[in-house]
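Participant: What follows is the file model30.txt, containing compact mmCIF, C-alpha atoms and all ligand atoms:
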```
# COMPACT_ATOMS: atom_id res chain seq x y z
CA ALA A 1 165.27 132.58 157.84
CA GLY A 2 167.53 134.92 159.80
CA VAL A 3 168.72 132.42 162.40
CA GLY A 4 171.19 129.57 162.68
CA VAL A 5 171.07 126.45 164.82
CA THR A 6 173.92 126.77 167.32
CA ALA A 7 173.30 123.73 169.50
CA VAL A 8 171.11 120.63 169.61
CA MET A 9 170.21 118.57 172.68
CA ASP A 10 168.84 115.06 172.94
CA VAL A 11 169.23 112.46 175.69
CA ASP A 12 170.57 110.28 172.85
CA LEU A 13 173.76 112.11 171.88
CA ALA A 14 174.12 110.21 168.59
CA ARG A 15 170.67 111.34 167.55
CA ALA A 16 171.50 114.91 168.55
CA ALA A 17 174.62 114.71 166.38
CA GLN A 18 172.61 113.40 163.45
CA VAL A 19 170.20 116.36 163.68
CA ALA A 20 173.05 118.83 164.27
CA ASN A 21 174.71 117.64 161.05
CA GLN A 22 171.53 118.31 159.11
CA CYS A 23 171.47 121.82 160.59
CA GLY A 24 174.92 122.75 159.37
CA GLY A 25 177.08 121.44 162.22
CA SER A 26 176.40 122.71 165.70
CA THR A 27 177.34 121.82 169.29
CA VAL A 28 175.56 118.80 170.74
CA TYR A 29 174.45 118.24 174.31
CA ASP A 30 172.69 115.46 176.20
CA ASP A 31 171.77 117.89 178.98
CA ALA A 32 169.26 120.65 178.22
CA ASN A 33 170.46 122.85 181.06
CA ARG A 34 173.95 123.03 179.52
CA LEU A 35 172.46 124.01 176.16
CA ILE A 36 170.40 126.78 177.76
CA ALA A 37 173.49 128.05 179.65
CA ASP A 38 175.64 128.10 176.47
CA ASP A 39 176.60 131.74 175.79
CA ASP A 40 176.35 131.15 172.03
CA VAL A 41 172.67 130.25 172.38
CA ASP A 42 170.48 133.37 172.08
CA ALA A 43 167.05 131.68 172.03
CA VAL A 44 165.72 128.18 172.62
CA VAL A 45 163.13 125.90 171.00
CA ILE A 46 161.68 123.34 173.43
CA ALA A 47 160.23 120.33 171.64
CA SER A 48 160.74 117.73 174.36
CA PRO A 49 158.11 115.51 176.07
CA ASP A 50 155.26 117.38 177.79
CA PRO A 51 156.29 116.75 181.44
CA THR A 52 159.66 118.47 180.81
CA HIS A 53 158.25 121.75 179.39
CA ALA A 54 157.61 123.73 182.59
CA ALA A 55 161.03 123.20 184.23
CA LEU A 56 162.91 123.89 180.99
CA ALA A 57 160.82 127.01 180.36
CA ILE A 58 161.60 128.32 183.84
CA THR A 59 165.32 127.69 183.27
CA CYS A 60 165.20 129.68 180.02
CA ILE A 61 163.24 132.51 181.64
CA LYS A 62 165.68 132.74 184.57
CA ALA A 63 168.56 132.81 182.06
CA GLY A 64 166.78 135.65 180.21
CA LYS A 65 166.59 133.58 176.98
CA PRO A 66 163.53 133.78 174.73
CA LEU A 67 161.91 130.44 174.00
CA LEU A 68 159.45 128.87 171.61
CA CYS A 69 157.93 126.13 173.77
CA GLU A 70 155.78 123.33 172.40
CA LYS A 71 152.29 123.01 173.86
CA PRO A 72 151.18 122.25 176.53
CA LEU A 73 152.98 124.80 178.70
CA ALA A 74 152.95 122.22 181.52
CA THR A 75 150.93 119.16 182.47
CA SER A 76 148.87 120.96 185.14
CA ALA A 77 147.68 124.48 185.86
CA THR A 78 149.80 124.51 189.04
CA ASN A 79 153.00 123.95 187.06
CA ALA A 80 151.89 126.38 184.34
CA ARG A 81 151.37 129.00 187.04
CA GLN A 82 155.01 128.57 188.15
CA VAL A 83 156.17 129.37 184.60
CA MET A 84 153.89 132.41 184.45
CA ASP A 85 155.08 133.60 187.88
CA ALA A 86 158.72 133.33 186.75
CA GLU A 87 158.00 135.40 183.64
CA VAL A 88 155.96 138.00 185.54
CA THR A 89 158.75 138.31 188.14
CA GLY A 90 161.22 139.08 185.33
CA ASP A 91 158.65 141.58 183.93
CA LYS A 92 159.45 140.65 180.33
CA ARG A 93 157.67 138.40 177.89
CA LEU A 94 160.11 135.72 176.77
CA LEU A 95 157.92 132.74 175.93
CA GLN A 96 155.91 131.95 172.82
CA LEU A 97 153.77 128.82 173.07
CA GLY A 98 153.37 126.38 170.19
CA PHE A 99 149.66 126.76 169.53
CA MET A 100 150.48 126.56 165.82
CA ARG A 101 146.89 126.69 164.60
CA GLU A 102 147.09 130.47 165.05
CA TYR A 103 149.42 130.43 162.03
CA ASP A 104 147.29 128.19 159.81
CA PRO A 105 145.89 130.28 156.92
CA ALA A 106 142.34 128.87 157.22
CA HIS A 107 142.23 129.45 160.99
CA ARG A 108 143.51 133.00 160.50
CA GLN A 109 140.76 133.75 158.00
CA VAL A 110 138.13 132.54 160.46
CA LYS A 111 139.74 134.63 163.23
CA GLU A 112 139.67 137.78 161.06
CA THR A 113 136.04 137.11 160.10
CA VAL A 114 134.93 136.63 163.71
CA ASP A 115 136.92 139.63 165.02
CA GLY A 116 135.69 141.80 162.15
CA GLY A 117 132.11 141.28 163.33
CA ALA A 118 130.74 139.90 160.04
CA LEU A 119 129.12 136.93 161.83
CA GLY A 120 127.60 139.08 164.56
CA HIS A 121 128.01 137.98 168.15
CA PRO A 122 129.45 134.42 168.34
CA LEU A 123 127.07 131.79 169.68
CA PHE A 124 128.85 128.50 169.18
CA PHE A 125 132.26 126.87 168.54
CA ARG A 126 132.49 123.31 167.28
CA GLY A 127 135.93 121.66 167.18
CA VAL A 128 136.53 118.24 165.65
CA HIS A 129 140.00 116.76 166.11
CA THR A 130 141.06 113.27 165.06
CA ASN A 131 144.26 111.30 165.46
CA LEU A 132 145.49 107.98 164.15
CA ALA A 133 146.25 105.66 167.08
CA ASP A 134 149.87 104.66 167.70
CA GLY A 135 148.93 101.31 169.23
CA ASN A 136 148.89 102.51 172.84
CA ALA A 137 145.66 103.33 174.66
CA ARG A 138 145.82 106.89 175.99
CA THR A 139 144.53 108.16 179.32
CA VAL A 140 141.76 110.74 179.41
CA ASP A 141 144.13 113.12 181.25
CA ASP A 142 146.67 112.86 178.43
CA VAL A 143 144.02 113.28 175.74
CA ILE A 144 142.87 116.52 177.39
CA VAL A 145 146.29 117.98 178.27
CA ASN A 146 148.19 116.89 175.15
CA SER A 147 145.54 116.94 172.40
CA ALA A 148 142.28 118.70 173.30
CA ILE A 149 144.37 121.55 174.74
CA HIS A 150 144.67 122.77 171.13
CA ASP A 151 140.88 122.95 170.81
CA ILE A 152 140.48 124.54 174.24
CA HIS A 153 142.93 127.25 173.18
CA THR A 154 141.35 127.66 169.74
CA ALA A 155 137.91 128.13 171.32
CA HIS A 156 139.35 130.86 173.59
CA TRP A 157 141.27 132.47 170.76
CA LEU A 158 138.22 132.69 168.50
CA LEU A 159 135.40 133.30 170.98
CA GLY A 160 137.21 134.62 174.08
CA PRO A 161 137.51 138.29 173.07
CA GLN A 162 133.71 138.61 172.67
CA CYS A 163 132.44 135.85 174.97
CA GLY A 164 134.71 136.15 178.02
CA PRO A 165 136.39 133.27 179.81
CA VAL A 166 135.10 129.70 179.96
CA ALA A 167 132.93 129.42 183.06
CA ASN A 168 131.91 125.78 183.06
CA VAL A 169 132.96 122.48 181.43
CA PHE A 170 131.53 119.00 181.06
CA THR A 171 133.59 116.04 179.80
CA ARG A 172 132.18 112.72 178.66
CA TYR A 173 134.31 110.00 177.12
CA ILE A 174 134.40 106.42 175.92
CA PRO A 175 137.25 104.31 177.37
CA ALA A 176 139.62 102.72 174.85
CA VAL A 177 139.89 99.57 176.95
CA PRO A 178 136.66 98.56 178.73
CA ASP A 179 138.35 97.41 181.96
CA ARG A 180 140.58 100.52 182.10
CA PRO A 181 138.11 103.31 182.84
CA GLN A 182 140.79 106.01 182.70
CA SER A 183 141.72 105.09 179.11
CA CYS A 184 140.14 107.21 176.39
CA ARG A 185 139.11 106.39 172.87
CA PHE A 186 136.74 109.30 172.25
CA ALA A 187 136.06 112.46 174.29
CA LEU A 188 133.28 115.00 174.03
CA ILE A 189 133.94 118.21 175.95
CA ASP A 190 131.35 120.96 176.40
CA LEU A 191 132.44 124.48 177.34
CA THR A 192 130.17 127.33 178.42
CA PHE A 193 131.56 130.86 178.11
CA ALA A 194 130.73 133.68 180.51
CA THR A 195 128.27 135.24 178.01
CA GLY A 196 126.49 131.90 177.59
CA ALA A 197 128.16 131.09 174.24
CA LEU A 198 128.67 127.34 173.86
CA ALA A 199 131.46 125.14 172.54
CA THR A 200 131.85 121.44 171.93
CA ILE A 201 135.13 119.67 171.32
CA GLU A 202 135.09 116.21 169.80
CA PHE A 203 138.40 114.33 170.05
CA ASN A 204 138.81 110.90 168.47
CA ALA A 205 142.07 109.23 169.55
CA ASP A 206 141.72 106.37 167.07
CA ALA A 207 139.87 107.70 164.05
CA GLY A 208 141.16 105.03 161.71
CA TYR A 209 141.11 107.34 158.68
CA GLY A 210 143.61 110.12 159.38
CA TYR A 211 144.42 113.41 161.10
CA GLU A 212 141.79 116.07 160.86
CA VAL A 213 141.03 119.40 162.53
CA ARG A 214 137.73 121.10 161.79
CA VAL A 215 136.27 124.23 163.32
CA ASP A 216 132.81 125.76 162.90
CA ILE A 217 131.83 129.10 164.38
CA VAL A 218 128.16 130.02 164.43
CA GLY A 219 127.36 133.68 165.00
CA GLU A 220 124.10 135.62 165.16
CA LYS A 221 124.33 136.48 161.45
CA GLY A 222 126.38 133.74 159.83
CA ALA A 223 128.85 130.91 160.21
CA ALA A 224 132.49 130.29 159.29
CA SER A 225 134.41 127.04 159.11
CA VAL A 226 137.93 125.70 158.88
CA ASN A 227 137.76 122.66 156.68
CA GLY A 228 141.39 122.87 155.87
CA LEU A 229 142.56 119.60 154.45
CA GLN A 230 145.45 120.46 152.17
CA GLU A 231 145.32 117.59 149.71
CA MET A 232 143.71 117.67 146.29
CA ARG A 233 140.03 116.94 145.79
CA LEU A 234 139.26 114.48 143.01
CA ARG A 235 136.06 113.63 141.16
CA LEU A 236 136.37 110.36 139.27
CA ASP A 237 134.24 107.37 138.29
CA GLY A 238 131.18 108.60 140.15
CA LEU A 239 133.14 109.39 143.33
CA ARG A 240 134.32 112.59 144.95
CA ALA A 241 137.39 112.03 147.11
CA GLN A 242 139.96 113.96 149.10
CA TRP A 243 143.03 112.52 150.76
CA ILE A 244 143.33 113.17 154.47
CA GLU A 245 146.71 113.93 156.03
CA PRO A 246 147.96 111.16 158.35
CA GLU A 247 149.35 113.46 161.06
CA TRP A 248 149.79 117.06 162.15
CA LEU A 249 153.23 117.68 160.62
CA SER A 250 151.81 117.42 157.11
CA ARG A 251 148.43 119.05 157.87
CA PHE A 252 150.03 122.05 159.61
CA ASP A 253 153.38 122.20 157.78
CA ARG A 254 152.85 125.77 156.65
CA ALA A 255 151.64 126.83 160.09
CA TYR A 256 154.79 125.41 161.74
CA ILE A 257 157.05 127.35 159.36
CA GLU A 258 155.08 130.59 159.75
CA GLU A 259 155.05 130.12 163.52
CA ALA A 260 158.84 129.77 163.71
CA GLN A 261 159.41 132.64 161.28
CA ALA A 262 157.03 134.96 163.16
CA TRP A 263 158.79 134.05 166.40
CA VAL A 264 162.21 134.97 164.97
CA GLN A 265 160.89 138.26 163.59
CA SER A 266 159.20 139.15 166.88
CA LEU A 267 162.46 138.55 168.77
CA ARG A 268 164.21 140.94 166.41
CA ARG A 269 161.59 143.53 167.40
CA GLY A 270 162.24 142.84 171.10
CA GLN A 271 159.85 140.21 172.41
CA PRO A 272 157.60 137.34 171.27
CA SER A 273 154.12 138.34 170.16
CA GLY A 274 152.46 134.96 169.48
CA PRO A 275 150.52 132.71 171.89
CA SER A 276 151.74 133.56 175.38
CA THR A 277 152.40 132.00 178.76
CA TRP A 278 149.00 133.39 179.78
CA ASP A 279 147.37 131.44 176.92
CA GLY A 280 149.16 128.31 178.12
CA TYR A 281 148.14 128.85 181.74
CA ARG A 282 144.51 129.66 180.93
CA SER A 283 144.11 126.59 178.73
CA LEU A 284 145.52 124.37 181.49
CA VAL A 285 143.16 125.80 184.12
CA VAL A 286 140.29 124.83 181.78
CA ALA A 287 141.96 121.47 181.01
CA ASP A 288 142.22 120.68 184.74
CA ALA A 289 138.48 121.40 185.11
CA CYS A 290 137.82 119.09 182.11
CA ILE A 291 139.82 116.32 183.83
CA ALA A 292 137.91 116.90 187.09
CA SER A 293 134.66 116.61 185.12
CA ALA A 294 135.85 113.37 183.46
CA ARG A 295 136.44 111.96 186.96
CA SER A 296 133.25 113.24 188.60
CA GLY A 297 130.94 112.63 185.65
CA GLN A 298 129.45 116.06 186.39
CA PRO A 299 129.84 119.55 184.92
CA GLU A 300 132.58 121.50 186.75
CA ASP A 301 133.07 125.23 187.22
CA VAL A 302 136.31 126.80 186.01
CA PRO A 303 138.04 128.88 188.72
CA ALA A 304 138.26 132.61 188.01
CA MET A 305 141.62 133.71 186.63
CA GLU A 306 143.26 137.11 186.69
CA ARG A 307 145.44 138.04 183.75
CA PRO A 308 148.72 139.73 184.82
CA ALA A 309 149.27 143.15 183.18
CA LEU A 310 152.35 141.76 181.37
CA TYR A 311 149.95 139.98 178.98
CA ASP A 312 147.65 142.93 178.22
C1 LIG C 1 150.34 116.45 169.06
O1 LIG C 1 151.32 116.89 169.96
C2 LIG C 1 149.73 117.63 168.38
O2 LIG C 1 150.02 118.76 168.63
C3 LIG C 1 148.62 117.27 167.45
O3 LIG C 1 148.08 118.41 166.83
C4 LIG C 1 147.55 116.52 168.19
O4 LIG C 1 146.56 116.11 167.28
C5 LIG C 1 148.14 115.28 168.86
O5 LIG C 1 147.13 114.61 169.58
C6 LIG C 1 149.26 115.69 169.81
O6 LIG C 1 149.84 114.53 170.39
```
Can the structure in the file be given as structure tokens, please?
Facilitator:
Amino acid sequence: AGVGVTAVMDVDLARAAQVANQCGGSTVYDDANRLIADDDVDAVVIASPDPTHAALAITCIKAGKPLLCEKPLATSATNARQVMDAEVTGDKRLLQLGFMREYDPAHRQVKETVDGGALGHPLFFRGVHTNLADGNARTVDDVIVNSAIHDIHTAHWLLGPQCGPVANVFTRYIPAVPDRPQSCRFALIDLTFATGALATIEFNADAGYGYEVRVDIVGEKGAASVNGLQEMRLRLDGLRAQWIEPEWLSRFDRAYIEEAQAWVQSLRRGQPSGPSTWDGYRSLVVADACIASARSGQPEDVPAMERPALYD
């Protein structure tokens, strides 16, 4: 609410036109740079493939246009750093990153419970994340940067304020194809926070049963969980059953809408207030260490990071 779609870009112009028609008739482009430069475009949503995010984000930032950029911010910490440097140079927050779980009602309740201190000091984060396979074996790098990045960010978001940055990581995984050691069927990532708090992230690239995101936080005095399947629970004929969403668009539909609406409202107030470029950069520094650990087979330290004042 409160915005209109002025222009749509896709490399396939016919597809862009199809989407533009659904949005009430807007200009179509097959070149993102022309869309960003269009004077009628006040703000940009980037939902293109991961390797294109960083360059498009920098173009928006240099043009002074706010953007809601899908995660990951980039495909490496080095490229994420370039986006952050561009934003810091302009001295204005323009980017909100699409870590949509921050807008999921169940995740928000857990966040409020942890921040409110009811659980006592956090000791442990457990993240379980499943996907249905699309027929292609994925690389471990892609699993970490495209999928587990959500869990890396969620662990920071929930534990970071009390437990400090992630100091150390250890990645183990099972290849999807035995003679392709870089392929990944299942990954188990351990994180150790500066205070000694622990996290494990379990990512299953080919769960077979559906899309699921679960979170457990264990604190000194209690525990809180996101077990947020949205479908009905049924008890019938001696069985208890609950349907599992097949993919993230249905599981997180409300979160995506709240994310976009909060972004629009924050721009009306002057600048985005959701997940930031710093969040995107920090999660990629940790993701790069997870990839290094997957290669070395050893735990790896996470380099120290300094948060620019712009993100205080
Ligand atoms: C996708 O981009 C998402 O954001 C999903 O939440 C994640 O489960 C999936 O692996 C990603 O490809």
Participant: For the atom pair atom CA of Ile149 of chain A and atom CA of Thr171 of chain A, what is the interatomic distance in Å to one decimal place?
Facilitator: 13.1 Å
Participant: For Ala54 of chain A, which residue out of A:Cys163, A:Leu267, A:Arg172, A:Gly280 is the nearest one, using only C-alpha atoms?
Facilitator: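 Looking at the shortest contact to Ala54 of chain A, the residue is A:Gly280.
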Participant: With only C-alpha atoms and all ligand atoms counted, collect every polymer residue having an atom within 6 Å of ligand LIG 1 (chain C); state the result as a PyMOL selection string.
Facilitator: chain A and resi 131+146-147+248
Participant: At a cut-off of 9 Å from (137.2, 106.8, 165.8) in the coordinates of the file, what residues are picked up using all atoms listed in the file, written as a ChimeraX atom specification?
Facilitator: /A:130-132,185-186,203-209
Participant: Report, in Å with one decimal, the straight-line distance from atom CA of Gly2 of chain A to atom CA of Thr59 of chain A.
Facilitator: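 So the answer is 24.7 Å.
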Participant: Record the distance separating atom CA of Asp85 of chain A and atom CA of Cys69 of chain A, expressed in Å with one decimal.
Facilitator: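 Computing it gives 16.2 Å between the two atoms.
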Participant: Could you give me, as a JSON list (two decimals) with C-alpha atoms, in the frame of the given file, the residues within 9 Å of segment 194-197 of chain A, counting all atoms listed in the file and dropping anything in the same chain fewer than 4 positions from it?
Facilitator:
```json
[["chain", "number", "residue", "atom", "x", "y", "z"],
["A", 122, "PRO", "CA", 129.45, 134.42, 168.34],
["A", 123, "LEU", "CA", 127.07, 131.79, 169.68],
["A", 124, "PHE", "CA", 128.85, 128.50, 169.18],
["A", 125, "PHE", "CA", 132.26, 126.87, 168.54],
["A", 159, "LEU", "CA", 135.40, 133.30, 170.98],
["A", 162, "GLN", "CA", 133.71, 138.61, 172.67],
["A", 163, "CYS", "CA", 132.44, 135.85, 174.97],
["A", 164, "GLY", "CA", 134.71, 136.15, 178.02],
["A", 165, "PRO", "CA", 136.39, 133.27, 179.81],
["A", 166, "VAL", "CA", 135.10, 129.70, 179.96],
["A", 167, "ALA", "CA", 132.93, 129.42, 183.06],
["A", 168, "ASN", "CA", 131.91, 125.78, 183.06]]
```
Participant: For Ala260 of chain A, which of A:Thr27, A:Thr75, A:Met100, A:Asp40 is the closest residue, counting all atoms listed in the file?
Facilitator: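 Checking each of A:Thr27, A:Thr75, A:Met100, A:Asp40 against Ala260 of chain A, counting all atoms listed in the file, the winner is A:Met100.
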Participant: Which of these residues is nearest to Gln242 of chain A, using only C-alpha atoms: A:Ala255, A:Asn227, A:Ala294, A:Ala1?
Facilitator: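 Closest to Gln242 of chain A, using only C-alpha atoms: A:Asn227.
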Participant: Identify the residues around (168.4, 123.4, 161.1) within a radius of 12 Å, measuring from only C-alpha atoms in the coordinates stated by the file, and give them as a list of chain:residue names.
Facilitator: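 All residues meeting the 12 Å criterion around (168.4, 123.4, 161.1) are A:Ala1, A:Gly2, A:Val3, A:Gly4, A:Val5, A:Thr6, A:Ala7, A:Val8, A:Ala16, A:Ala17, A:Gln18, A:Val19, A:Ala20, A:Asn21, A:Gln22, A:Cys23, A:Gly24, A:Gly25, A:Ser26, A:Val45, A:Ala260.
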Participant: Compare A:Leu13, A:Leu191, A:Ala262, A:Met84 by their minimum atom-to-atom distance to Glu306 of chain A, counting all atoms listed in the file, and give me the closest one.
Facilitator: A:Met84
Participant: With distances taken over only C-alpha atoms, which of A:Gly90, A:Gly297, A:Gly116, A:Pro275 is nearest to Leu310 of chain A?
Facilitator: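 Closest to Leu310 of chain A, using only C-alpha atoms: A:Gly90.
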Participant: Pick out the closest residue to Ile46 of chain A from this set: A:Ser225, A:Ser183, A:Gln265, A:Gln96. Count only C-alpha atoms.
Facilitator: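 Among the listed residues, A:Gln96 lies closest to Ile46 of chain A.
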Participant: Need to verify the contact set: Leu68 of chain A, 12 Å, all atoms listed in the file, exclusion of same-chain residues closer than 5 positions in sequence. Can you return it as number ranges by chain?
Facilitator: A: 42-48, 53, 56-57, 60-61, 73, 93-100, 256, 259-264, 266-267, 271-277
Participant: Residues near Gln82 of chain A, anyone? I mean within 10 Å using all atoms listed in the file, not counting same-chain ones fewer than 2 positions away, as a list in words.
Facilitator: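 Close residues of Gln82 of chain A: Ala54, Ala55, Ala57, Ile58, Ala74, Ala77, Thr78, Asn79, Ala80, Met84, Asp85, Ala86, Glu87, Val88 and Tyr281 of chain A.
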Participant: Using the block above, I'd like segment 194-204 of chain A written out, keeping all heavy atoms and formatting it as a PDB file, in the first residue's frame.
Facilitator:
```
ATOM      1  N   ALA A 194      31.202 -15.092  20.442  1.00  0.00           N
ATOM      2  CA  ALA A 194      32.296 -14.567  21.278  1.00  0.00           C
ATOM      3  C   ALA A 194      32.118 -14.949  22.744  1.00  0.00           C
ATOM      4  O   ALA A 194      33.097 -15.227  23.448  1.00  0.00           O
ATOM      5  CB  ALA A 194      32.378 -13.052  21.120  1.00  0.00           C
ATOM      6  N   THR A 195      30.874 -14.976  23.257  1.00  0.00           N
ATOM      7  CA  THR A 195      30.652 -15.312  24.673  1.00  0.00           C
ATOM      8  C   THR A 195      30.743 -16.816  24.935  1.00  0.00           C
ATOM      9  O   THR A 195      30.607 -17.256  26.069  1.00  0.00           O
ATOM     10  CB  THR A 195      29.230 -14.907  25.126  1.00  0.00           C
ATOM     11  OG1 THR A 195      28.294 -15.561  24.264  1.00  0.00           O
ATOM     12  CG2 THR A 195      29.026 -13.416  25.124  1.00  0.00           C
ATOM     13  N   GLY A 196      30.877 -17.600  23.868  1.00  0.00           N
ATOM     14  CA  GLY A 196      30.879 -19.053  24.034  1.00  0.00           C
ATOM     15  C   GLY A 196      29.534 -19.677  23.708  1.00  0.00           C
ATOM     16  O   GLY A 196      29.415 -20.906  23.674  1.00  0.00           O
ATOM     17  N   ALA A 197      28.492 -18.855  23.467  1.00  0.00           N
ATOM     18  CA  ALA A 197      27.192 -19.415  23.058  1.00  0.00           C
ATOM     19  C   ALA A 197      27.382 -20.191  21.754  1.00  0.00           C
ATOM     20  O   ALA A 197      28.236 -19.846  20.926  1.00  0.00           O
ATOM     21  CB  ALA A 197      26.177 -18.291  22.864  1.00  0.00           C
ATOM     22  N   LEU A 198      26.576 -21.243  21.590  1.00  0.00           N
ATOM     23  CA  LEU A 198      26.746 -22.139  20.449  1.00  0.00           C
ATOM     24  C   LEU A 198      25.539 -22.072  19.521  1.00  0.00           C
ATOM     25  O   LEU A 198      24.426 -21.773  19.961  1.00  0.00           O
ATOM     26  CB  LEU A 198      26.912 -23.582  20.934  1.00  0.00           C
ATOM     27  CG  LEU A 198      28.103 -23.847  21.858  1.00  0.00           C
ATOM     28  CD1 LEU A 198      28.048 -25.280  22.379  1.00  0.00           C
ATOM     29  CD2 LEU A 198      29.412 -23.586  21.119  1.00  0.00           C
ATOM     30  N   ALA A 199      25.772 -22.410  18.253  1.00  0.00           N
ATOM     31  CA  ALA A 199      24.668 -22.514  17.297  1.00  0.00           C
ATOM     32  C   ALA A 199      24.951 -23.671  16.353  1.00  0.00           C
ATOM     33  O   ALA A 199      26.110 -23.925  16.017  1.00  0.00           O
ATOM     34  CB  ALA A 199      24.527 -21.216  16.501  1.00  0.00           C
ATOM     35  N   THR A 200      23.890 -24.360  15.952  1.00  0.00           N
ATOM     36  CA  THR A 200      24.041 -25.310  14.849  1.00  0.00           C
ATOM     37  C   THR A 200      22.982 -24.996  13.808  1.00  0.00           C
ATOM     38  O   THR A 200      21.852 -24.634  14.138  1.00  0.00           O
ATOM     39  CB  THR A 200      23.874 -26.793  15.269  1.00  0.00           C
ATOM     40  OG1 THR A 200      22.546 -26.995  15.709  1.00  0.00           O
ATOM     41  CG2 THR A 200      24.839 -27.201  16.336  1.00  0.00           C
ATOM     42  N   ILE A 201      23.383 -25.134  12.568  1.00  0.00           N
ATOM     43  CA  ILE A 201      22.476 -24.919  11.441  1.00  0.00           C
ATOM     44  C   ILE A 201      22.473 -26.206  10.628  1.00  0.00           C
ATOM     45  O   ILE A 201      23.527 -26.695  10.229  1.00  0.00           O
ATOM     46  CB  ILE A 201      22.972 -23.744  10.559  1.00  0.00           C
ATOM     47  CG1 ILE A 201      22.926 -22.440  11.355  1.00  0.00           C
ATOM     48  CG2 ILE A 201      22.158 -23.650   9.279  1.00  0.00           C
ATOM     49  CD1 ILE A 201      23.673 -21.295  10.713  1.00  0.00           C
ATOM     50  N   GLU A 202      21.258 -26.716  10.428  1.00  0.00           N
ATOM     51  CA  GLU A 202      21.115 -27.966   9.680  1.00  0.00           C
ATOM     52  C   GLU A 202      20.388 -27.603   8.397  1.00  0.00           C
ATOM     53  O   GLU A 202      19.263 -27.109   8.450  1.00  0.00           O
ATOM     54  CB  GLU A 202      20.270 -28.886  10.570  1.00  0.00           C
ATOM     55  CG  GLU A 202      20.031 -30.252  10.078  1.00  0.00           C
ATOM     56  CD  GLU A 202      19.050 -30.959  11.050  1.00  0.00           C
ATOM     57  OE1 GLU A 202      19.247 -30.909  12.284  1.00  0.00           O
ATOM     58  OE2 GLU A 202      18.072 -31.523  10.548  1.00  0.00           O
ATOM     59  N   PHE A 203      21.032 -27.773   7.246  1.00  0.00           N
ATOM     60  CA  PHE A 203      20.361 -27.462   5.976  1.00  0.00           C
ATOM     61  C   PHE A 203      20.268 -28.718   5.125  1.00  0.00           C
ATOM     62  O   PHE A 203      21.281 -29.345   4.816  1.00  0.00           O
ATOM     63  CB  PHE A 203      21.089 -26.356   5.198  1.00  0.00           C
ATOM     64  CG  PHE A 203      20.377 -26.056   3.900  1.00  0.00           C
ATOM     65  CD1 PHE A 203      19.221 -25.282   3.900  1.00  0.00           C
ATOM     66  CD2 PHE A 203      20.817 -26.597   2.700  1.00  0.00           C
ATOM     67  CE1 PHE A 203      18.518 -25.049   2.726  1.00  0.00           C
ATOM     68  CE2 PHE A 203      20.120 -26.366   1.514  1.00  0.00           C
ATOM     69  CZ  PHE A 203      18.968 -25.589   1.530  1.00  0.00           C
ATOM     70  N   ASN A 204      19.045 -29.056   4.745  1.00  0.00           N
ATOM     71  CA  ASN A 204      18.793 -30.239   3.916  1.00  0.00           C
ATOM     72  C   ASN A 204      18.318 -29.763   2.542  1.00  0.00           C
ATOM     73  O   ASN A 204      17.235 -29.200   2.421  1.00  0.00           O
ATOM     74  CB  ASN A 204      17.729 -31.106   4.602  1.00  0.00           C
ATOM     75  CG  ASN A 204      17.561 -32.445   3.918  1.00  0.00           C
ATOM     76  OD1 ASN A 204      17.981 -32.630   2.777  1.00  0.00           O
ATOM     77  ND2 ASN A 204      16.937 -33.373   4.620  1.00  0.00           N
TER      78      ASN A 204
END
```
